Amino acid sequence: MTDLMKKIKRSDFVKNRGRYLLLLPSLVFMIVFAYTPMVGIVIAFQNYDPVAGFFGSPMIGLENFRFFFESGEWVQVTLNTLYLNALFIITGTFMSILIAVVMSELKNRLFTKSMQTLMTLPNFVSWATVALFSVAFFESEGIVNKVIAAFGGTAVDFYSDPDVWVGIFVIIRAWKSSGWNAIIYMAAILGIDRELYEAARIDGASKLRCIFSITLPLIKNTVVLMTIMAVGGIFRGDFGMIYPFIKDNSMLYPTTDVIDTYVYRALRSFTNYGRTAAVGLYQSVMGFALVILSNKLAKRYAPESAIF
């Protein structure tokens with residue numbers, strides 16, 4: 001008994017009880033809002049009846065998954081989701097790093113702070129608002145077509161041409177989120193020892209050489225970590241972004257219809273909670289598998305960047 005009491009006193013929990021106490025609200029929040037709802041996974045295997053609940057609804061095995069995988073659209077919506085999210089990750093990361101590097105090189109503090117504010121503001125504008133204003137740009141007599149006509153080009157019917165929307169979404173996503181995400185990379189750059197830059201300049205290195213030889217290598221771990229976290233959501237289409245622009249325009253589905261918009265239309269048509277839960281489970285499992293894979297690759301080639 002005495003030995004047990006000594007072990008308890010020496011335990012990390014007792015030594016750091018103050019820190020664990022500070023962690024407790026976040027832990028309770030995660031359990032209540034992240035882990036407890038995971039009980040709802042069972043809906044994916046049921047013919048779910050809201051009145052009967054989880055325990056009263058009949059089990060139907062994999063029937064809900066069959067609905068999705070036997071449809072001729074699951075390959076298209078999955079590929080669209082992966083393709084768009086991959087482009088968002090690549091372009092978003094590049095633009096965020098570019099903004100962070102440029103801002104870190106500026107010496108005028110007032111100008112820097114003003115630019116930071118302007119670049120983070122789009123993050124607080126809702127996608128519905130952005131989509132509403134986009135009509136003025138992309139309609140047949142919109143601003144973009146007027147600019148094209150001014151240069152002697154042919155007007156584009158944006159709302160019947162699915163190919164142009166991949167580029168539009170990439171540009172709009174970069175405009176909205178790159179400035180906000182750049183904050184993380186700016187913080188990483190601020191953590192770099194300034195003496196490294198001073199030593200490089202004494203040796204005759206230019207600003208560009210300092211960026212490529214000091215800044216980028218030393219924020220590599222942050223970039224890899226952020227990429228791994230982004231990969232976790234690569235199977236989730238950004239419904240809030242895509243649907244306000246596309247709505248139910250079937251002409252744009254070939255390049256813009258993602259898993260989330262497909263599930264939304266299916267839920268409106270069939271009101272089947274089990275089928276939507278099955279697709280959500282499919283997204284989560286595939287996303288988790290990609291996180292494990294990307295983390296394993298990071299652990300092999302950049303061990304310091306791995307999450308676990």
# chains A, B, ... in the order shown; residues from 1 in each chain; ligands from 1
>>> residues_around(residues="region 270-280 of chain A", least_positions_apart="3", cutoff="6 Å", atoms="only C-alpha atoms", output="list in words")
Ile43, Ala44, Tyr48, Asn64, Phe65, Val263, Ala266, Leu267 and Gln283 of chain A
>>> write_last_selection(atoms="N, CA and C atoms", output="mmCIF file, in the first residue's frame")
data_model
loop_
_atom_site.group_PDB
_atom_site.id
_atom_site.type_symbol
_atom_site.label_atom_id
_atom_site.label_comp_id
_atom_site.auth_asym_id
_atom_site.auth_seq_id
_atom_site.Cartn_x
_atom_site.Cartn_y
_atom_site.Cartn_z
ATOM 1 N N ILE A 43 -26.305 4.403 -37.336
ATOM 2 C CA ILE A 43 -27.362 4.741 -38.294
ATOM 3 C C ILE A 43 -27.005 4.262 -39.694
ATOM 4 N N ALA A 44 -25.706 4.238 -39.998
ATOM 5 C CA ALA A 44 -25.266 3.824 -41.337
ATOM 6 C C ALA A 44 -25.629 2.373 -41.629
ATOM 7 N N TYR A 48 -33.017 3.669 -40.441
ATOM 8 C CA TYR A 48 -33.218 4.513 -39.270
ATOM 9 C C TYR A 48 -34.588 5.176 -39.259
ATOM 10 N N ASN A 64 -27.282 0.454 -46.959
ATOM 11 C CA ASN A 64 -27.117 1.891 -47.173
ATOM 12 C C ASN A 64 -25.863 2.202 -47.982
ATOM 13 N N PHE A 65 -24.825 1.406 -47.784
ATOM 14 C CA PHE A 65 -23.602 1.607 -48.559
ATOM 15 C C PHE A 65 -23.819 1.184 -50.015
ATOM 16 N N VAL A 263 -24.854 14.102 -51.408
ATOM 17 C CA VAL A 263 -25.588 13.603 -50.244
ATOM 18 C C VAL A 263 -26.739 14.548 -49.900
ATOM 19 N N ALA A 266 -29.495 13.861 -52.237
ATOM 20 C CA ALA A 266 -30.095 12.558 -51.928
ATOM 21 C C ALA A 266 -30.991 12.651 -50.692
ATOM 22 N N LEU A 267 -30.561 13.402 -49.687
ATOM 23 C CA LEU A 267 -31.361 13.545 -48.469
ATOM 24 C C LEU A 267 -32.660 14.281 -48.756
ATOM 25 N N GLN A 283 -16.617 8.749 -45.984
ATOM 26 C CA GLN A 283 -15.714 9.893 -46.043
ATOM 27 C C GLN A 283 -14.745 9.891 -44.864
#
>>> closest_atom_pairs(of="region 171-283 of chain A", to="region 87-91 of chain A", cutoff="10 Å", atoms="only C-alpha atoms", output="JSON lines")
{"residue": "A:Ile171", "atom": "CA", "partner": "A:Thr91", "partner_atom": "CA", "distance": 8.7}
{"residue": "A:Ile172", "atom": "CA", "partner": "A:Phe88", "partner_atom": "CA", "distance": 9.9}
{"residue": "A:Arg173", "atom": "CA", "partner": "A:Phe88", "partner_atom": "CA", "distance": 7.0}
{"residue": "A:Ala174", "atom": "CA", "partner": "A:Thr91", "partner_atom": "CA", "distance": 6.9}
{"residue": "A:Ser177", "atom": "CA", "partner": "A:Phe88", "partner_atom": "CA", "distance": 9.8}
{"residue": "A:Ser178", "atom": "CA", "partner": "A:Thr91", "partner_atom": "CA", "distance": 8.8}
{"residue": "A:Met226", "atom": "CA", "partner": "A:Ile89", "partner_atom": "CA", "distance": 9.6}
{"residue": "A:Thr227", "atom": "CA", "partner": "A:Ile89", "partner_atom": "CA", "distance": 7.3}
{"residue": "A:Ala230", "atom": "CA", "partner": "A:Ile89", "partner_atom": "CA", "distance": 6.9}
{"residue": "A:Val231", "atom": "CA", "partner": "A:Ile89", "partner_atom": "CA", "distance": 8.0}
{"residue": "A:Ile234", "atom": "CA", "partner": "A:Ile89", "partner_atom": "CA", "distance": 8.6}
>>> select_by_dssp(residues="region 137-179 of chain A", states="alpha helix (DSSP H)", output="list in words")
Phe137, Phe138, Ile143, Val144, Asn145, Lys146, Val147, Ile148, Ala149, Ala150, Val164, Trp165, Val166, Gly167, Ile168, Phe169, Val170, Ile171, Ile172, Arg173, Ala174, Trp175, Lys176, Ser177, Ser178 and Gly179 of chain A
>>> write_last_selection(atoms="C-alpha atoms", output="compact mmCIF listing (two decimals), in the first residue's frame")
# COMPACT_ATOMS: atom_id res chain seq x y z
CA PHE A 137 -18.93 38.91 -62.15
CA PHE A 138 -20.01 35.71 -63.88
CA ILE A 143 -17.88 42.23 -65.27
CA VAL A 144 -15.70 39.32 -66.44
CA ASN A 145 -17.45 39.03 -69.80
CA LYS A 146 -17.25 42.79 -70.30
CA VAL A 147 -13.48 42.66 -69.74
CA ILE A 148 -13.19 39.71 -72.15
CA ALA A 149 -15.21 41.60 -74.77
CA ALA A 150 -13.06 44.71 -74.29
CA VAL A 164 -14.26 26.95 -65.94
CA TRP A 165 -15.51 26.40 -62.40
CA VAL A 166 -12.49 24.43 -61.21
CA GLY A 167 -10.30 27.48 -61.80
CA ILE A 168 -12.92 29.82 -60.35
CA PHE A 169 -13.18 27.81 -57.14
CA VAL A 170 -9.40 27.60 -56.77
CA ILE A 171 -9.03 31.38 -57.15
CA ILE A 172 -11.92 32.21 -54.82
CA ARG A 173 -10.72 29.72 -52.19
CA ALA A 174 -7.19 31.16 -52.31
CA TRP A 175 -8.55 34.70 -52.03
CA LYS A 176 -10.70 33.84 -49.03
CA SER A 177 -8.41 31.62 -46.95
CA SER A 178 -4.77 32.23 -47.88
CA GLY A 179 -4.41 35.43 -45.86
>>> atom_distance(atom1="CA of Gly233 (chain A)", atom2="CA of Ser26 (chain A)")
21.9 Å
>>> residues_around(residues="Trp180 (chain A)", least_positions_apart="3", cutoff="12 Å", atoms="only C-alpha atoms", output="ChimeraX atom specification")
/A:92-93,95-97,99-100,115-125,173-177,183-187
>>> write_last_selection(atoms="N, CA and C atoms", output="compact mmCIF listing (two decimals), in the first residue's frame")
# COMPACT_ATOMS: atom_id res chain seq x y z
N GLY A 92 -3.52 26.72 -51.94
CA GLY A 92 -3.66 27.43 -50.67
C GLY A 92 -2.37 27.47 -49.89
N THR A 93 -1.66 26.34 -49.84
CA THR A 93 -0.38 26.29 -49.13
C THR A 93 0.64 27.21 -49.78
N MET A 95 0.13 29.89 -51.72
CA MET A 95 -0.21 31.29 -51.54
C MET A 95 0.00 31.74 -50.09
N SER A 96 -0.32 30.88 -49.14
CA SER A 96 -0.14 31.24 -47.73
C SER A 96 1.33 31.43 -47.40
N ILE A 97 2.18 30.53 -47.90
CA ILE A 97 3.63 30.66 -47.66
C ILE A 97 4.17 31.91 -48.34
N ILE A 99 2.56 34.71 -49.06
CA ILE A 99 2.13 35.88 -48.31
C ILE A 99 2.94 36.03 -47.04
N ALA A 100 3.15 34.92 -46.32
CA ALA A 100 3.89 34.97 -45.06
C ALA A 100 5.33 35.44 -45.27
N MET A 115 -1.92 45.57 -44.13
CA MET A 115 -2.06 44.51 -45.12
C MET A 115 -2.54 43.21 -44.48
N GLN A 116 -2.05 42.92 -43.28
CA GLN A 116 -2.50 41.72 -42.57
C GLN A 116 -4.00 41.78 -42.33
N THR A 117 -4.48 42.93 -41.91
CA THR A 117 -5.91 43.10 -41.66
C THR A 117 -6.72 42.91 -42.94
N LEU A 118 -6.26 43.52 -44.03
CA LEU A 118 -6.98 43.41 -45.30
C LEU A 118 -7.00 41.98 -45.83
N MET A 119 -5.90 41.25 -45.62
CA MET A 119 -5.81 39.89 -46.15
C MET A 119 -6.59 38.88 -45.32
N THR A 120 -6.85 39.18 -44.06
CA THR A 120 -7.61 38.25 -43.22
C THR A 120 -9.11 38.53 -43.25
N LEU A 121 -9.51 39.71 -43.71
CA LEU A 121 -10.93 40.05 -43.75
C LEU A 121 -11.78 39.09 -44.59
N PRO A 122 -11.31 38.65 -45.78
CA PRO A 122 -12.16 37.74 -46.58
C PRO A 122 -12.54 36.46 -45.84
N ASN A 123 -11.74 36.04 -44.86
CA ASN A 123 -12.06 34.82 -44.12
C ASN A 123 -13.36 34.96 -43.34
N PHE A 124 -13.74 36.18 -43.01
CA PHE A 124 -14.93 36.41 -42.20
C PHE A 124 -16.17 36.70 -43.04
N VAL A 125 -16.01 36.67 -44.35
CA VAL A 125 -17.15 36.86 -45.25
C VAL A 125 -17.74 35.49 -45.56
N ARG A 173 -11.17 30.34 -53.44
CA ARG A 173 -10.72 29.72 -52.19
C ARG A 173 -9.40 30.33 -51.73
N ALA A 174 -8.48 30.55 -52.67
CA ALA A 174 -7.19 31.16 -52.31
C ALA A 174 -7.39 32.58 -51.80
N TRP A 175 -8.28 33.33 -52.46
CA TRP A 175 -8.55 34.70 -52.03
C TRP A 175 -9.13 34.74 -50.62
N LYS A 176 -9.99 33.81 -50.32
CA LYS A 176 -10.70 33.84 -49.03
C LYS A 176 -9.88 33.32 -47.86
N SER A 177 -9.06 32.29 -48.09
CA SER A 177 -8.41 31.62 -46.95
C SER A 177 -6.91 31.79 -46.85
N ILE A 183 -1.15 33.37 -41.35
CA ILE A 183 -0.80 33.75 -39.98
C ILE A 183 0.05 32.67 -39.32
N ILE A 184 -0.30 31.41 -39.58
CA ILE A 184 0.44 30.29 -38.98
C ILE A 184 1.89 30.28 -39.47
N TYR A 185 2.07 30.49 -40.78
CA TYR A 185 3.42 30.48 -41.34
C TYR A 185 4.20 31.72 -40.91
N MET A 186 3.51 32.84 -40.75
CA MET A 186 4.18 34.04 -40.26
C MET A 186 4.68 33.83 -38.82
N ALA A 187 3.89 33.15 -38.01
CA ALA A 187 4.32 32.85 -36.65
C ALA A 187 5.54 31.93 -36.65
>>> residues_around(residues="region 158-160 of chain A", least_positions_apart="3", cutoff="12 Å", atoms="only C-alpha atoms", output="PyMOL selection string")
chain A and resi 134-142+144-145+155+163-168+245-256
>>> atom_distance(atom1="CA of Ala131 (chain A)", atom2="CA of Gly232 (chain A)")
26.2 Å
>>> atom_distance(atom1="CA of Ile259 (chain A)", atom2="CA of Ile31 (chain A)")
27.2 Å
